[in-house]
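J.: So here's my_file.csv (CSV, C-alpha atoms).
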chain,number,residue,atom,x,y,z
A,246,MET,CA,-81.9,-36.9,27.0
A,247,ALA,CA,-82.4,-33.9,29.3
A,248,VAL,CA,-79.3,-32.6,31.1
A,249,ASP,CA,-79.3,-33.3,34.8
A,250,MET,CA,-78.8,-29.8,36.3
A,251,LYS,CA,-78.0,-31.4,39.6
A,252,MET,CA,-74.9,-33.1,38.3
A,253,ASN,CA,-71.7,-32.4,40.1
A,254,VAL,CA,-69.6,-29.8,38.3
A,255,LEU,CA,-65.9,-29.1,39.2
A,256,ILE,CA,-64.3,-25.8,38.5
A,257,VAL,CA,-60.6,-25.6,38.6
A,258,ASP,CA,-58.7,-22.3,38.7
A,259,ASP,CA,-55.9,-20.8,40.8
A,260,TYR,CA,-57.6,-17.4,40.7
A,261,LYS,CA,-60.2,-17.4,43.4
A,262,THR,CA,-62.0,-14.5,41.7
A,263,MET,CA,-62.4,-16.7,38.6
A,264,LEU,CA,-63.8,-19.6,40.7
A,265,ARG,CA,-66.4,-17.1,42.0
A,266,ILE,CA,-67.2,-15.8,38.6
A,267,VAL,CA,-67.6,-19.1,36.9
A,268,GLY,CA,-69.4,-20.5,39.9
A,269,ASN,CA,-71.9,-17.7,39.8
A,270,LEU,CA,-72.4,-18.0,36.0
A,271,LEU,CA,-73.0,-21.7,36.4
A,272,LYS,CA,-75.6,-21.1,39.1
A,273,GLN,CA,-77.3,-18.6,36.8
A,274,LEU,CA,-77.4,-21.3,34.2
A,275,GLY,CA,-79.1,-23.6,36.6
A,276,PHE,CA,-76.4,-25.8,38.0
A,277,SER,CA,-76.6,-26.2,41.7
A,278,ASN,CA,-73.8,-28.7,42.8
A,279,ILE,CA,-70.6,-26.9,42.1
A,280,ASP,CA,-67.2,-27.7,43.7
A,281,GLU,CA,-64.0,-25.9,43.4
A,282,ALA,CA,-60.3,-26.7,43.2
A,283,THR,CA,-57.3,-24.3,43.0
A,284,ASP,CA,-54.9,-26.6,41.1
A,285,GLY,CA,-54.8,-29.7,39.0
A,286,ALA,CA,-53.6,-32.0,41.8
A,287,THR,CA,-56.4,-31.0,44.1
A,288,ALA,CA,-58.9,-31.4,41.3
A,289,LEU,CA,-57.7,-34.9,40.5
A,290,GLU,CA,-58.0,-35.9,44.2
A,291,LYS,CA,-61.6,-34.6,44.3
A,292,MET,CA,-62.4,-36.4,41.0
A,293,ARG,CA,-61.2,-39.7,42.6
A,294,GLN,CA,-63.5,-39.2,45.6
A,295,LYS,CA,-66.7,-38.0,43.8
A,296,ASN,CA,-68.4,-38.4,40.5
A,297,TYR,CA,-68.4,-35.3,38.3
A,298,GLY,CA,-70.5,-34.8,35.3
A,299,LEU,CA,-68.4,-31.9,34.0
A,300,VAL,CA,-65.0,-30.3,34.7
A,301,ILE,CA,-64.2,-26.7,33.8
A,302,SER,CA,-60.6,-26.1,34.2
A,303,ASP,CA,-58.1,-23.3,33.7
A,304,TRP,CA,-54.7,-24.1,32.1
A,305,ASN,CA,-52.0,-22.1,33.8
A,306,MET,CA,-51.8,-23.4,37.4
A,307,GLU,CA,-49.2,-24.8,39.7
A,308,PRO,CA,-48.1,-27.4,40.6
A,309,MET,CA,-50.3,-29.3,38.2
A,310,THR,CA,-51.5,-27.4,35.1
A,311,GLY,CA,-54.9,-27.9,33.5
A,312,LEU,CA,-53.3,-29.7,30.6
A,313,GLN,CA,-51.6,-32.2,32.9
A,314,LEU,CA,-54.9,-32.6,34.8
A,315,LEU,CA,-56.6,-33.4,31.5
A,316,LYS,CA,-53.9,-35.9,30.6
A,317,GLU,CA,-54.2,-37.6,34.0
A,318,VAL,CA,-58.0,-37.7,33.6
A,319,ARG,CA,-57.9,-39.2,30.1
A,320,SER,CA,-55.4,-41.9,31.2
A,321,ASP,CA,-57.5,-42.9,34.3
A,322,ILE,CA,-59.9,-45.7,33.4
A,323,LYS,CA,-62.5,-44.4,35.9
A,324,LEU,CA,-62.3,-40.8,34.9
A,325,LYS,CA,-61.5,-40.8,31.2
A,326,ALA,CA,-65.1,-40.2,30.0
A,327,VAL,CA,-65.6,-37.1,32.2
A,328,PRO,CA,-66.5,-34.1,30.0
A,329,PHE,CA,-63.7,-31.6,30.2
A,330,ILE,CA,-63.8,-27.9,29.1
A,331,MET,CA,-60.7,-25.8,29.2
A,332,VAL,CA,-61.3,-22.1,30.1
A,333,THR,CA,-58.0,-20.2,29.7
A,334,ALA,CA,-56.2,-17.1,28.5
A,335,GLU,CA,-53.8,-19.4,26.6
A,336,SER,CA,-55.0,-18.5,23.2
A,337,LYS,CA,-52.3,-19.7,20.9
A,338,THR,CA,-53.3,-22.2,18.2
A,339,GLU,CA,-50.6,-24.6,19.5
A,340,ASN,CA,-52.3,-24.6,22.9
A,341,VAL,CA,-55.7,-25.4,21.4
A,342,VAL,CA,-54.2,-28.1,19.3
A,343,ALA,CA,-52.3,-29.6,22.3
A,344,ALA,CA,-55.5,-29.6,24.4
A,345,LYS,CA,-57.5,-31.1,21.6
A,346,GLN,CA,-54.9,-33.9,21.2
A,347,ALA,CA,-55.0,-34.5,24.9
A,348,GLY,CA,-58.8,-35.1,24.7
A,349,VAL,CA,-60.4,-31.8,25.7
A,350,ASN,CA,-64.1,-31.6,24.8
A,351,ASN,CA,-64.1,-27.9,24.3
A,352,TYR,CA,-62.0,-24.8,24.7
A,353,ILE,CA,-63.1,-21.3,25.9
A,354,VAL,CA,-60.7,-18.4,25.6
A,355,LYS,CA,-60.7,-15.8,28.4
A,356,PRO,CA,-62.3,-13.3,28.6
A,357,PHE,CA,-65.5,-14.9,27.8
A,358,ASN,CA,-69.2,-14.2,28.4
A,359,ALA,CA,-72.1,-16.2,29.8
A,360,ALA,CA,-73.5,-17.0,26.4
A,361,THR,CA,-70.2,-18.6,25.3
A,362,LEU,CA,-70.0,-20.6,28.5
A,363,LYS,CA,-73.6,-21.9,28.0
A,364,GLU,CA,-73.0,-22.7,24.3
A,365,LYS,CA,-69.8,-24.7,25.0
A,366,ILE,CA,-71.3,-26.6,27.9
A,367,SER,CA,-74.3,-27.4,25.7
A,368,SER,CA,-72.1,-28.7,23.0
A,369,VAL,CA,-70.4,-31.0,25.5
A,370,ILE,CA,-73.2,-32.3,27.7
A,371,GLY,CA,-76.3,-31.5,25.6
A,372,ALA,CA,-78.7,-28.6,25.4
A,373,PHE,CA,-80.3,-27.3,28.6
B,212,MET,CA,-4.6,-3.5,41.8
B,213,SER,CA,-7.3,-0.9,41.0
B,214,LYS,CA,-9.6,-1.2,38.0
B,215,ARG,CA,-8.1,1.9,36.5
B,216,THR,CA,-4.6,0.5,36.8
B,217,ALA,CA,-5.7,-2.8,35.3
B,218,ARG,CA,-7.3,-1.0,32.4
B,219,ARG,CA,-4.1,1.0,31.8
B,220,ARG,CA,-2.0,-2.1,31.9
B,221,LYS,CA,-4.2,-3.9,29.3
B,222,VAL,CA,-4.0,-1.0,26.9
B,223,ALA,CA,-0.3,-0.6,27.5
B,224,VAL,CA,0.3,-4.3,26.7
B,225,VAL,CA,-1.6,-4.1,23.5
B,226,GLN,CA,0.2,-0.9,22.5
B,227,ALA,CA,3.6,-2.4,23.3
B,228,VAL,CA,2.9,-5.5,21.2
B,229,SER,CA,1.6,-3.6,18.3
B,230,SER,CA,4.4,-1.1,18.3
B,231,LYS,CA,7.1,-3.7,17.7
B,232,ARG,CA,8.4,-4.1,14.3
B,233,ARG,CA,6.0,-6.6,12.6
B,234,PRO,CA,4.9,-7.4,9.2
B,235,ALA,CA,2.1,-5.1,7.9
B,236,LYS,CA,-0.6,-7.8,8.3
B,237,ARG,CA,0.3,-8.3,11.9
B,238,ARG,CA,0.5,-4.6,12.6
B,239,GLY,CA,-3.0,-4.3,11.2
B,240,LEU,CA,-4.2,-7.1,13.4
B,241,PHE,CA,-2.7,-5.5,16.5
B,242,SER,CA,-4.1,-2.2,15.6
B,243,GLU,CA,-7.5,-3.8,15.4
B,244,LEU,CA,-6.9,-5.4,18.8
B,245,GLU,CA,-6.0,-2.1,20.2
B,246,SER,CA,-9.2,-0.5,18.9
B,247,LEU,CA,-11.2,-3.4,20.3
B,248,ALA,CA,-9.6,-3.0,23.7
B,249,MET,CA,-10.3,0.7,23.7
B,250,PHE,CA,-13.8,0.1,22.6
B,251,ILE,CA,-14.4,-2.4,25.4
B,252,GLU,CA,-12.9,0.1,27.9
B,253,SER,CA,-15.2,2.8,26.6
B,254,ALA,CA,-18.2,0.4,26.8
B,255,LYS,CA,-17.3,-0.5,30.4
B,256,ARG,CA,-17.2,3.2,31.3
B,257,ASP,CA,-20.5,3.8,29.6
B,258,ILE,CA,-22.2,0.9,31.4
B,259,ALA,CA,-20.7,2.0,34.7
B,260,ALA,CA,-22.2,5.5,34.1
B,261,LEU,CA,-25.7,3.8,33.8
B,262,HIS,CA,-25.4,2.6,37.4
B,263,PRO,CA,-26.6,-0.9,36.6
B,264,GLU,CA,-26.4,-2.0,40.3
B,265,GLU,CA,-28.8,0.8,41.1
B,266,ILE,CA,-31.2,-0.4,38.3
B,267,ARG,CA,-31.0,-3.9,39.8
B,268,LYS,CA,-31.2,-3.0,43.5
B,269,LYS,CA,-33.7,-0.2,43.3
B,270,HIS,CA,-35.6,0.4,40.1
B,271,LEU,CA,-36.5,-3.1,39.1
B,272,PRO,CA,-37.6,-4.3,42.5
B,273,THR,CA,-39.7,-1.1,43.0
B,274,ALA,CA,-41.3,-1.6,39.6
B,275,ALA,CA,-42.2,-5.3,40.4
B,276,ASP,CA,-43.6,-4.2,43.8
B,277,GLU,CA,-45.7,-1.5,42.2
B,278,LEU,CA,-47.1,-4.1,39.7
B,279,ASP,CA,-47.8,-6.6,42.5
B,280,ALA,CA,-49.7,-3.8,44.4
B,281,ILE,CA,-51.8,-3.2,41.3
B,282,VAL,CA,-52.8,-6.8,41.1
B,283,ALA,CA,-53.6,-6.8,44.9
B,284,SER,CA,-55.7,-3.7,44.7
B,285,THR,CA,-57.7,-4.8,41.6
B,286,ALA,CA,-58.3,-8.2,43.2
B,287,GLU,CA,-59.6,-6.4,46.3
B,288,ALA,CA,-61.9,-4.2,44.2
B,289,THR,CA,-63.1,-7.1,42.1
B,290,GLY,CA,-63.9,-9.0,45.3
B,291,SER,CA,-66.0,-6.1,46.5
B,292,ILE,CA,-67.8,-5.9,43.2
B,293,LEU,CA,-68.5,-9.6,43.3
B,294,ASP,CA,-69.8,-9.3,46.9
B,295,SER,CA,-72.4,-6.7,45.7
B,296,ALA,CA,-73.3,-8.7,42.6
B,297,GLU,CA,-73.9,-11.8,44.6
B,298,LYS,CA,-76.2,-9.8,47.0
B,299,LEU,CA,-78.0,-8.3,44.0
B,300,SER,CA,-78.5,-11.8,42.7
B,301,ALA,CA,-79.9,-12.9,46.0
B,302,ILE,CA,-82.3,-10.0,46.0
B,303,GLY,CA,-83.3,-11.0,42.4
B,304,GLU,CA,-84.5,-14.3,43.8
B,305,THR,CA,-86.9,-12.6,46.2
B,306,VAL,CA,-88.7,-10.5,43.6
B,307,THR,CA,-91.2,-11.4,40.9
B,308,GLY,CA,-92.1,-10.2,37.4
B,309,PRO,CA,-89.9,-8.7,34.7
B,310,ALA,CA,-87.5,-7.3,37.4
B,311,VAL,CA,-86.1,-10.9,37.9
B,312,GLU,CA,-84.9,-11.1,34.3
B,313,GLN,CA,-83.5,-7.6,34.3
B,314,ILE,CA,-81.6,-8.1,37.6
B,315,THR,CA,-80.2,-11.5,36.3
B,316,GLU,CA,-79.1,-9.9,33.1
B,317,GLN,CA,-77.3,-7.0,34.8
B,318,VAL,CA,-75.7,-9.2,37.4
B,319,THR,CA,-74.5,-11.5,34.6
B,320,ARG,CA,-72.9,-8.5,32.9
B,321,ILE,CA,-71.1,-7.6,36.2
B,322,PHE,CA,-69.8,-11.2,36.5
B,323,GLU,CA,-68.6,-11.2,32.9
B,324,ALA,CA,-66.9,-7.8,33.3
B,325,CYS,CA,-65.1,-9.0,36.4
B,326,THR,CA,-63.1,-11.5,34.4
B,327,PHE,CA,-60.8,-8.5,33.5
B,328,GLN,CA,-59.1,-9.1,36.8
B,329,ASP,CA,-57.8,-12.5,35.8
B,330,ILE,CA,-56.5,-11.3,32.5
B,331,THR,CA,-54.9,-8.1,33.9
B,332,GLY,CA,-53.4,-10.2,36.7
B,333,GLN,CA,-51.8,-12.6,34.2
B,334,ARG,CA,-50.6,-9.8,32.0
B,335,ILE,CA,-48.9,-8.1,34.9
B,336,THR,CA,-47.4,-11.4,36.0
B,337,LYS,CA,-45.8,-11.7,32.6
B,338,VAL,CA,-44.4,-8.1,32.9
B,339,VAL,CA,-42.9,-9.0,36.4
B,340,LYS,CA,-41.3,-12.1,34.9
B,341,THR,CA,-39.8,-10.0,32.1
B,342,LEU,CA,-38.4,-7.6,34.7
B,343,LYS,CA,-36.8,-10.5,36.5
B,344,GLU,CA,-35.2,-11.6,33.2
B,345,ILE,CA,-33.9,-8.1,32.7
B,346,ASP,CA,-32.6,-8.1,36.2
B,347,ALA,CA,-30.7,-11.4,35.5
B,348,LYS,CA,-29.3,-10.0,32.2
B,349,VAL,CA,-28.2,-6.7,33.8
B,350,GLY,CA,-26.5,-8.8,36.6
B,351,GLU,CA,-24.6,-10.8,34.0
B,352,LEU,CA,-23.5,-7.6,32.3
B,353,VAL,CA,-22.2,-6.2,35.5
B,354,ARG,CA,-20.4,-9.4,36.3
B,355,ALA,CA,-18.9,-9.6,32.8
B,356,PHE,CA,-17.5,-6.1,33.2
B,357,GLY,CA,-15.9,-6.7,36.5
B,358,GLY,CA,-18.7,-5.7,38.9
B,359,SER,CA,-20.0,-7.9,41.7
B,360,GLY,CA,-23.3,-9.0,40.0
B,361,ARG,CA,-23.5,-11.9,42.4
B,362,ALA,CA,-27.1,-12.5,41.9
B,363,GLY,CA,-26.7,-11.9,38.2
B,364,ARG,CA,-26.3,-15.4,37.0
B,365,SER,CA,-29.0,-16.1,34.5
B,366,ARG,CA,-32.1,-17.7,36.0
B,367,VAL,CA,-33.9,-17.7,32.7
B,368,ARG,CA,-34.9,-21.3,32.1
B,369,VAL,CA,-35.5,-22.7,28.7
B,370,ARG,CA,-39.0,-24.2,28.8
B,371,ARG,CA,-39.7,-27.4,27.0
B,372,GLY,CA,-42.6,-29.7,26.4
B,373,ASP,CA,-45.9,-28.7,28.0
B,374,ALA,CA,-44.2,-26.0,30.0
B,375,ALA,CA,-43.4,-24.2,26.7
B,376,LEU,CA,-47.1,-23.8,26.1
B,377,LEU,CA,-47.6,-21.5,29.1
B,378,ASN,CA,-47.6,-18.1,27.5
B,379,GLY,CA,-50.4,-16.3,29.3
B,380,PRO,CA,-52.8,-13.9,27.6
B,381,GLN,CA,-51.8,-12.8,24.1
B,382,LEU,CA,-52.1,-9.2,22.8
B,383,PRO,CA,-55.3,-8.8,20.8
B,384,GLN,CA,-53.4,-8.8,17.5
B,385,ASN,CA,-51.7,-12.1,18.3
B,386,ALA,CA,-54.5,-13.9,20.0
B,387,THR,CA,-56.5,-16.7,18.4
B,388,SER,CA,-60.2,-15.7,18.6
B,389,GLN,CA,-63.0,-17.9,20.0
B,390,ALA,CA,-64.3,-18.3,16.5
B,391,GLU,CA,-60.9,-19.6,15.2
B,392,ILE,CA,-60.8,-22.0,18.2
B,393,ASP,CA,-64.3,-23.2,17.4
B,394,ALA,CA,-63.2,-23.8,13.8
B,395,LEU,CA,-60.3,-25.9,15.1
B,396,PHE,CA,-62.8,-28.0,17.1
B,397,ASP,CA,-65.1,-28.4,14.1
B,398,LYS,CA,-62.2,-30.1,12.2
B,399,LYS,CA,-62.4,-33.8,12.9
As a first step, turn the structure in this file into structure tokens.
T.:
Amino acid sequence: MAVDMKMNVLIVDDYKTMLRIVGNLLKQLGFSNIDEATDGATALEKMRQKNYGLVISDWNMEPMTGLQLLKEVRSDIKLKAVPFIMVTAESKTENVVAAKQAGVNNYIVKPFNAATLKEKISSVIGAF
Amino acid sequence: MSKRTARRRKVAVVQAVSSKRRPAKRRGLFSELESLAMFIESAKRDIAALHPEEIRKKHLPTAADELDAIVASTAEATGSILDSAEKLSAIGETVTGPAVEQITEQVTRIFEACTFQDITGQRITKVVKTLKEIDAKVGELVRAFGGSGRAGRSRVRVRRGDAALLNGPQLPQNATSQAEIDALFDKK
């Protein structure tokens, strides 16, 4: 099944520069409906108000981290199936394992390039 | 009572006790105590000579401010670069032919390169945290050796659970590569 490029995508990062970068890269990949949140709590609120086809989240944020957001999403009956990719500088194996155990669909370590972003999104929501 | 008087008294007490007629073992012990007291006094003088209060009140805050300024200026520069890249991207949408792909490719490279700001920002934040920990430790040292060191109580919290996983960017030699992460995901 073809990927709906008009799906709502939520980017979560406390660095506004990163929101801009990821947002621009997603636009170049063809996604047009992109929302932003600067922490996990705000992201969760947005997810409860709107349907998202993909969430791309940083880990290290306050007050709610990306990992906490992921756990909240996976424990919410309405949100638990939303594809979730972690994009983070936290590159220790224990972090990757913790995220995987919490139900992350894929994990991108910063710094990354557009090709990696496309590859990981494809592996989660299908080729586009 | 001045610090110097207190120090002299302490040394005098140790000397007085150790000079009394005692069995050899005890004399040895008191002699060790005397050496220890002198060593502590000497260490206190050495630490005082380092001007730890000056390190805490002047050098450490200045270093932290300088690092914060680096983050702010690189963020500003990155913002300007992104402004230009977005304008170029918009121009790319108005042209036709092979130029479209060329512009898109170059703009993508600019976006990718700008991710440096996030990584350097996180690295600098780690350094600032380390400086704060050093500040707390120096404060404790000052307090332990009789200085004021009021703000020196350790504020270094032991992180547990998910919080212990927040380590920020790793140095290249310690980092897990994307390929290694992919391998972890390939394992079912």
J.: What residues in chain A have any atom no more than 6 Å from chain B when counting only C-alpha atoms, and can you write them as a list in words?
T.: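 Therefore, the residues near the partner are Ile266, Ala334, Glu335, Ser336, Lys337 and Asn358 of chain A.
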J.: Do you know which residues are at most 12 Å from segment 266-271 of chain B counting only C-alpha atoms, after dropping those on the same chain fewer than 5 positions away, and could you put them as a ChimeraX atom specification?
T.: /B:258-261,276-278,338-353,359-363
J.: So which one's closest to Asp259 of chain A, A:Val354, A:Val327, A:Ala359, A:Met306? Using only C-alpha atoms, please.
T.: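 Answer, going by the shortest atom-to-atom distance: A:Met306.
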J.: Looking at all atoms listed in the file, which of A:Leu314, A:Glu307, A:Ala360, A:Lys272 is the one that sits closest to Glu290 of chain A?
T.: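 Between A:Leu314, A:Glu307, A:Ala360, A:Lys272, the residue approaching Glu290 of chain A most closely is A:Leu314.
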J.: Have a look at A:Gln313, A:Ser367, A:Gln294, A:Thr338 and name the one nearest to Ala247 of chain A; count only C-alpha atoms.
T.: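 For Ala247 of chain A, the nearest of the candidates is A:Ser367.
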J.: Using all atoms listed in the file for the distances, tell me which of A:Thr333, A:Asn340, A:Thr283, A:Asn278 is nearest to Gly372 of chain B.
T.: A:Asn340
J.: Extract, using all atoms listed in the file, all DNA, RNA and protein residues at most 10 Å from Ala344 of chain A, discarding same-chain residues fewer than 4 positions from it, and format them as a ChimeraX atom specification.
T.: /A:304,311-313,315-316,330-331,338-340,348-352
J.: Please compute the atom CA of Lys398 of chain B-atom CA of Val342 of chain A distance, one decimal, in Å.
T.: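 So the two atoms, atom CA of Lys398 of chain B and atom CA of Val342 of chain A, lie 10.9 Å apart.
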J.: Which residues are close to Arg293 of chain A, i.e. within 10 Å by all atoms listed in the file, leaving aside same-chain residues fewer than 2 positions away? Reply as a PyMOL selection string.
T.: chain A and resi 288-291+295-297+318+321+323-324
J.: Quick one: pull the distance between atom CA of Met250 of chain A and atom CA of Gly275 of chain A, Å, one decimal.
T.: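 Computing it gives 6.2 Å between the two atoms.
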J.: Which residue out of A:Pro308, A:Ser302, A:Ile370, A:Lys345 has the minimum interatomic distance to Met252 of chain A when all atoms listed in the file are used?
T.: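 Of A:Pro308, A:Ser302, A:Ile370, A:Lys345, the one nearest Met252 of chain A is A:Ile370, counting all atoms listed in the file.
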J.: In Å to one decimal, how far is atom CA of Phe356 of chain B from atom CA of Ile251 of chain B?
T.: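 Atom-to-atom, atom CA of Ile251 of chain B to atom CA of Phe356 of chain B, that is 9.2 Å.
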